[in-house]
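Asker: I'm passing along model-v9.cif; it holds mmCIF, C-alpha atoms.
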```cif
data_coords
loop_
_atom_site.label_atom_id
_atom_site.label_comp_id
_atom_site.auth_asym_id
_atom_site.auth_seq_id
_atom_site.Cartn_x
_atom_site.Cartn_y
_atom_site.Cartn_z
CA MET A 1 80.21 109.15 79.34
CA ARG A 2 81.17 105.95 81.15
CA THR A 3 79.83 102.78 79.60
CA LYS A 4 78.24 99.90 81.47
CA SER A 5 81.16 97.77 80.34
CA GLU A 6 83.67 100.18 81.96
CA ILE A 7 81.61 100.28 85.14
CA ARG A 8 81.32 96.48 85.29
CA SER A 9 85.03 95.90 84.69
CA THR A 10 86.00 98.52 87.32
CA CYS A 11 83.69 96.91 89.90
CA GLU A 12 84.83 93.36 89.09
CA GLU A 13 88.46 94.44 89.32
CA PHE A 14 87.75 96.05 92.68
CA LEU A 15 86.02 92.91 93.97
CA THR A 16 89.03 90.80 93.01
CA ASP A 17 91.25 92.65 95.50
CA TRP A 18 88.65 93.72 98.09
CA HIS A 19 89.00 92.06 101.49
CA ARG A 20 85.38 92.17 102.64
CA HIS A 21 86.01 91.01 106.20
CA ASP A 22 88.79 93.56 106.76
CA TRP A 23 86.54 96.30 105.36
CA MET A 24 83.64 95.24 107.62
CA THR A 25 85.95 95.10 110.64
CA GLU A 26 87.14 98.63 109.93
CA ASN A 27 83.72 100.12 109.10
CA GLY A 28 81.21 97.96 110.94
CA GLU A 29 80.18 97.59 114.54
CA TRP A 30 80.76 94.44 116.55
CA ALA A 31 77.55 92.87 117.79
CA SER A 32 78.92 92.88 121.33
CA GLU A 33 79.27 96.69 121.26
CA SER A 34 75.57 96.92 122.02
CA TRP A 35 76.38 95.40 125.43
CA ASN A 36 79.12 97.87 126.37
CA ASP A 37 76.88 99.97 128.65
CA GLU A 38 75.63 96.87 130.44
CA ARG A 39 79.20 95.62 130.92
CA ASP A 40 80.19 98.99 132.36
CA ALA A 41 77.21 98.89 134.75
CA TYR A 42 78.15 95.38 135.87
CA LYS A 43 81.76 96.39 136.46
CA ALA A 44 80.62 99.40 138.52
CA ALA A 45 78.27 97.17 140.54
CA VAL A 46 81.09 94.72 141.30
CA GLU A 47 83.29 97.61 142.45
CA ALA A 48 80.47 99.02 144.62
CA LEU A 49 79.93 95.62 146.26
CA ALA A 50 83.66 95.21 146.89
CA GLY A 51 83.76 98.65 148.50
CA ALA A 52 80.73 97.93 150.70
CA VAL A 53 82.17 94.58 151.84
CA LYS A 54 85.54 96.21 152.52
CA ASP A 55 83.84 98.75 154.78
CA LEU A 56 82.14 96.04 156.90
CA PRO A 57 85.07 95.18 159.24
CA SER A 58 85.50 98.82 160.22
CA ALA A 59 81.78 99.37 160.80
CA ASP A 60 80.18 99.19 164.21
CA TYR A 61 78.41 95.82 164.53
CA ALA A 62 75.27 97.69 165.44
CA ASP A 63 75.65 99.79 162.29
CA SER A 64 72.82 98.69 160.05
CA ASP A 65 73.84 101.24 157.39
CA ALA A 66 76.95 99.22 156.51
CA LEU A 67 74.87 96.04 156.13
CA GLN A 68 72.26 97.91 154.11
CA ALA A 69 75.03 99.21 151.81
CA VAL A 70 76.07 95.59 151.14
CA ARG A 71 72.44 94.60 150.46
CA ASP A 72 71.99 97.55 148.09
CA ALA A 73 75.22 96.72 146.31
CA LEU A 74 74.13 93.08 145.94
CA ASP A 75 70.79 94.21 144.49
CA GLU A 76 72.61 96.49 142.03
CA LEU A 77 74.93 93.64 141.05
CA ALA A 78 72.00 91.25 140.51
CA SER A 79 70.25 93.82 138.33
CA ALA A 80 73.39 94.44 136.27
CA ALA A 81 73.95 90.69 135.85
CA LYS A 82 70.35 90.23 134.69
CA ALA A 83 70.84 92.96 132.04
CA LEU A 84 73.76 90.96 130.64
CA ASP A 85 71.73 87.76 130.26
CA GLY A 86 72.03 86.47 126.68
CA GLN A 87 74.83 88.79 125.68
CA VAL A 88 77.12 88.08 122.77
CA ARG A 89 80.41 86.95 124.24
CA ALA A 90 83.26 88.67 122.45
CA ASP A 91 85.76 85.93 123.15
CA ASP A 92 84.01 83.11 121.29
CA SER A 93 80.97 84.17 119.29
CA ASP A 94 81.20 87.86 118.52
CA TYR A 95 80.44 88.94 114.97
CA ILE A 96 80.13 92.14 113.02
CA ALA A 97 76.56 93.34 113.47
CA GLU A 98 74.15 92.36 110.74
CA GLY A 99 72.49 94.77 108.39
CA THR A 100 73.74 97.82 106.56
CA ILE A 101 77.26 99.15 106.82
CA ASP A 102 77.35 102.46 104.99
CA PRO A 103 80.13 104.68 106.40
CA ASP A 104 79.59 107.43 103.81
CA ASN A 105 75.77 107.37 103.98
CA ALA A 106 75.80 106.67 100.25
CA ALA A 107 72.59 104.63 100.09
CA VAL A 108 70.31 107.65 100.56
CA LYS A 109 71.79 109.59 97.65
CA ALA A 110 72.88 106.82 95.28
CA GLU A 111 71.62 106.42 91.73
CA SER A 112 71.52 102.91 90.28
CA LEU A 113 73.71 102.32 87.25
CA GLU A 114 71.89 99.08 86.42
CA VAL A 115 75.12 97.11 86.45
CA GLY A 116 75.69 94.21 88.78
CA ASP A 117 75.58 90.50 89.35
CA SER A 118 74.07 87.99 91.76
CA TRP A 119 74.53 84.32 92.46
CA GLN A 120 72.89 81.68 94.57
CA GLY A 121 74.89 79.64 97.04
CA TRP A 122 73.78 76.65 99.07
CA ASP A 123 72.94 78.80 102.12
CA CYS A 124 72.45 82.33 100.78
CA LYS A 125 71.99 84.59 97.81
CA GLU A 126 74.69 87.20 97.23
CA GLY A 127 75.29 89.93 94.73
CA TRP A 128 76.47 93.42 93.99
CA GLY A 129 75.26 96.46 92.12
CA ALA A 130 77.02 99.58 90.88
CA TRP A 131 75.75 102.96 92.06
CA ARG A 132 76.68 106.56 91.41
CA VAL A 133 76.98 109.13 94.19
CA GLY A 134 78.06 112.46 92.70
CA GLU A 135 81.41 111.79 91.00
CA ALA A 136 82.01 108.56 92.92
CA LEU A 137 81.37 104.97 91.91
CA TYR A 138 79.95 102.85 94.73
CA LEU A 139 79.40 99.17 95.00
CA ASN A 140 76.51 97.80 97.02
CA TRP A 141 77.42 94.26 98.05
CA TRP A 142 74.59 92.31 99.67
CA ARG A 143 73.82 88.87 101.04
CA THR A 144 70.50 87.33 102.00
CA PRO A 145 70.90 84.11 104.00
CA TYR A 146 68.46 81.24 103.94
CA GLY A 147 66.92 80.31 107.30
CA GLY A 148 68.96 78.46 109.89
CA THR A 149 72.41 79.21 108.48
CA ALA A 150 75.43 80.74 110.15
CA ARG A 151 75.48 83.47 107.50
CA HIS A 152 74.61 87.03 108.48
CA GLU A 153 72.49 89.35 106.38
CA ARG A 154 74.60 92.13 104.94
CA ASP A 155 74.18 95.30 102.91
CA LEU A 156 77.56 96.96 102.37
CA TRP A 157 78.11 100.29 100.61
CA VAL A 158 81.73 100.62 99.45
CA CYS A 159 83.38 103.44 97.54
CA VAL A 160 85.17 101.92 94.54
CA ASP A 161 86.50 105.15 93.02
CA GLU A 162 85.84 108.57 94.51
CA PHE A 163 86.44 110.36 91.19
CA PHE A 164 85.19 107.77 88.69
CA PHE A 165 82.77 110.19 86.98
CA GLU A 166 84.91 113.32 87.34
CA GLU A 167 85.92 113.45 83.66
CA GLU A 168 82.28 113.11 82.70
CA GLU A 169 81.36 116.11 84.86
CA GLU A 170 84.16 118.18 83.31
CA GLU A 171 83.04 117.25 79.78
CA GLU A 172 79.45 118.28 80.57
CA GLU A 173 80.66 121.63 81.96
CA GLU A 174 82.77 122.26 78.83
CA GLU A 175 79.79 121.46 76.59
CA GLU A 176 77.60 123.86 78.57
CA GLU A 177 80.24 126.59 78.29
CA GLU A 178 80.48 126.04 74.53
CA GLU A 179 76.69 126.22 74.18
CA ASP A 180 76.57 129.42 76.24
CA ALA A 181 79.35 130.96 74.10
CA ALA A 182 77.53 130.14 70.84
#
```
I need this file expressed as structure tokens, please.
Answerer:
Amino acid sequence: MRTKSEIRSTCEEFLTDWHRHDWMTENGEWASESWNDERDAYKAAVEALAGAVKDLPSADYADSDALQAVRDALDELASAAKALDGQVRADDSDYIAEGTIDPDNAAVKAESLEVGDSWQGWDCKEGWGAWRVGEALYLNWWRTPYGGTARHERDLWVCVDEFFFEEEEEEEEEEEEEEDAA
């Protein structure tokens, strides 16, 4: 049976070498990703307008369809531009989306091990807790920012050791086999 001391030291050792930002970059979603469809629609609208304008010189001057195609393309472009209003601009202010990042969906099946720590900073409260998911040891790192800060709320579920409790499972199975044999 793993002790709370073993669990704490394993988690603290993991946190010493864990590069949180790299992990979030690999497992999280950029805030600007939510605008990808709108960007694609805008790009398509620009291309449609360019095509309609390109067709104008070859159209008959009495051809109102060519002019209507330009008007329609302009309307589509205006609509697409409006949908992009307020977007996160990837080049200067993009960030990894706030909230939970849980690539293994561990939070729904995790059991608290009642081991962890928290601390209060000048602009947020942060902490971590150890959780068990099957044979694996998970760490739930969290941050709750205070109003008006540049910090983002986070709830990260990270696998520390996939087989941390494996020996414990094997010992329990051996004990059950011994009891059944007796």
Asker: Determine the nearest neighbour of Ala50 in chain A from the options A:Ala106, A:Cys159, A:Ala73, A:Leu139, counting all atoms listed in the file.
Answerer: A:Ala73
Asker: Using the chain letters and numbers from the file, which residues does the PyMOL selection byres ((chain A and resi 140) around 10) grab, as a list in words?
Answerer: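 So the PyMOL selection byres ((chain A and resi 140) around 10) ends up selecting Thr100, Ile101, Asp102, Ala106, Ala107, Ala110, Ser112, Gly116, Gly127, Trp128, Gly129, Ala130, Trp131, Tyr138, Leu139, Trp141, Trp142, Arg154, Asp155, Leu156, Trp157, Val158, Cys159 and Val160 of chain A.
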Asker: For the atom pair CA of Asp85 in chain A and CA of Ala69 in chain A, what is the interatomic distance in Å to one decimal place?
Answerer: 24.6 Å
Asker: Would you compute the distance between CA of Arg132 in chain A and CA of Glu111 in chain A? Give it in Å to one decimal.
Answerer: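 These atoms are spaced 5.1 Å apart.
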Asker: For this file, the PyMOL selection byres ((chain A and resi 162) around 7) selects which residues, as an mmCIF file with C-alpha atoms, in the coordinates of the input?
Answerer:
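Here's the written file result09.cif:
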```cif
data_model
loop_
_atom_site.group_PDB
_atom_site.id
_atom_site.type_symbol
_atom_site.label_atom_id
_atom_site.label_comp_id
_atom_site.auth_asym_id
_atom_site.auth_seq_id
_atom_site.Cartn_x
_atom_site.Cartn_y
_atom_site.Cartn_z
ATOM 1 C CA GLU A 135 81.410 111.790 91.000
ATOM 2 C CA ALA A 136 82.010 108.560 92.920
ATOM 3 C CA LEU A 137 81.370 104.970 91.910
ATOM 4 C CA CYS A 159 83.380 103.440 97.540
ATOM 5 C CA VAL A 160 85.170 101.920 94.540
ATOM 6 C CA ASP A 161 86.500 105.150 93.020
ATOM 7 C CA PHE A 163 86.440 110.360 91.190
ATOM 8 C CA PHE A 164 85.190 107.770 88.690
#
```
Asker: Counting all atoms listed in the file, figure out which residue out of A:Ala81, A:Glu98, A:Glu153, A:Lys4 gets nearest to Trp30 in chain A.
Answerer: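 Using all atoms listed in the file, Trp30 in chain A sits closest to A:Glu98.
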Asker: Convert the output of the PyMOL selection byres ((chain A and resi 48) around 10) on the shown file into explicit residues, formatted as a ChimeraX atom specification.
Answerer: /A:42-47,49-54,69-70,72-74,76-77
Asker: May I ask for the distance between CA of Cys11 in chain A and CA of Arg143 in chain A, given in Å to one decimal place?
Answerer: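 Pair CA of Cys11 in chain A / CA of Arg143 in chain A returns 16.9 Å.
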Asker: Please write as a list in words the list of polymer residues whose atoms come within 10 Å of (75.8, 96.2, 83.6), counting only C-alpha atoms and keeping to the coordinates of the file.
Answerer: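 Looking at atoms near the point gives Thr3, Lys4, Ser5, Glu6, Ile7, Arg8, Ser9, Leu113, Glu114, Val115, Gly116, Asp117, Gly129 and Ala130 of chain A.
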Asker: Need to verify the contact set: Lys82 in chain A, 12 Å, all atoms listed in the file, exclusion of same-chain residues closer than 4 positions in sequence. Can you return it as a short mmCIF file (atom, residue, chain, number, x, y, z; two decimals) with C-alpha atoms, in the frame of the given file?
Answerer:
```
data_model
loop_
_atom_site.label_atom_id
_atom_site.label_comp_id
_atom_site.auth_asym_id
_atom_site.auth_seq_id
_atom_site.Cartn_x
_atom_site.Cartn_y
_atom_site.Cartn_z
CA GLU A 38 75.63 96.87 130.44
CA ARG A 39 79.20 95.62 130.92
CA ALA A 41 77.21 98.89 134.75
CA TYR A 42 78.15 95.38 135.87
CA ASP A 75 70.79 94.21 144.49
CA GLU A 76 72.61 96.49 142.03
CA LEU A 77 74.93 93.64 141.05
CA ALA A 78 72.00 91.25 140.51
CA GLY A 86 72.03 86.47 126.68
CA GLN A 87 74.83 88.79 125.68
#
```
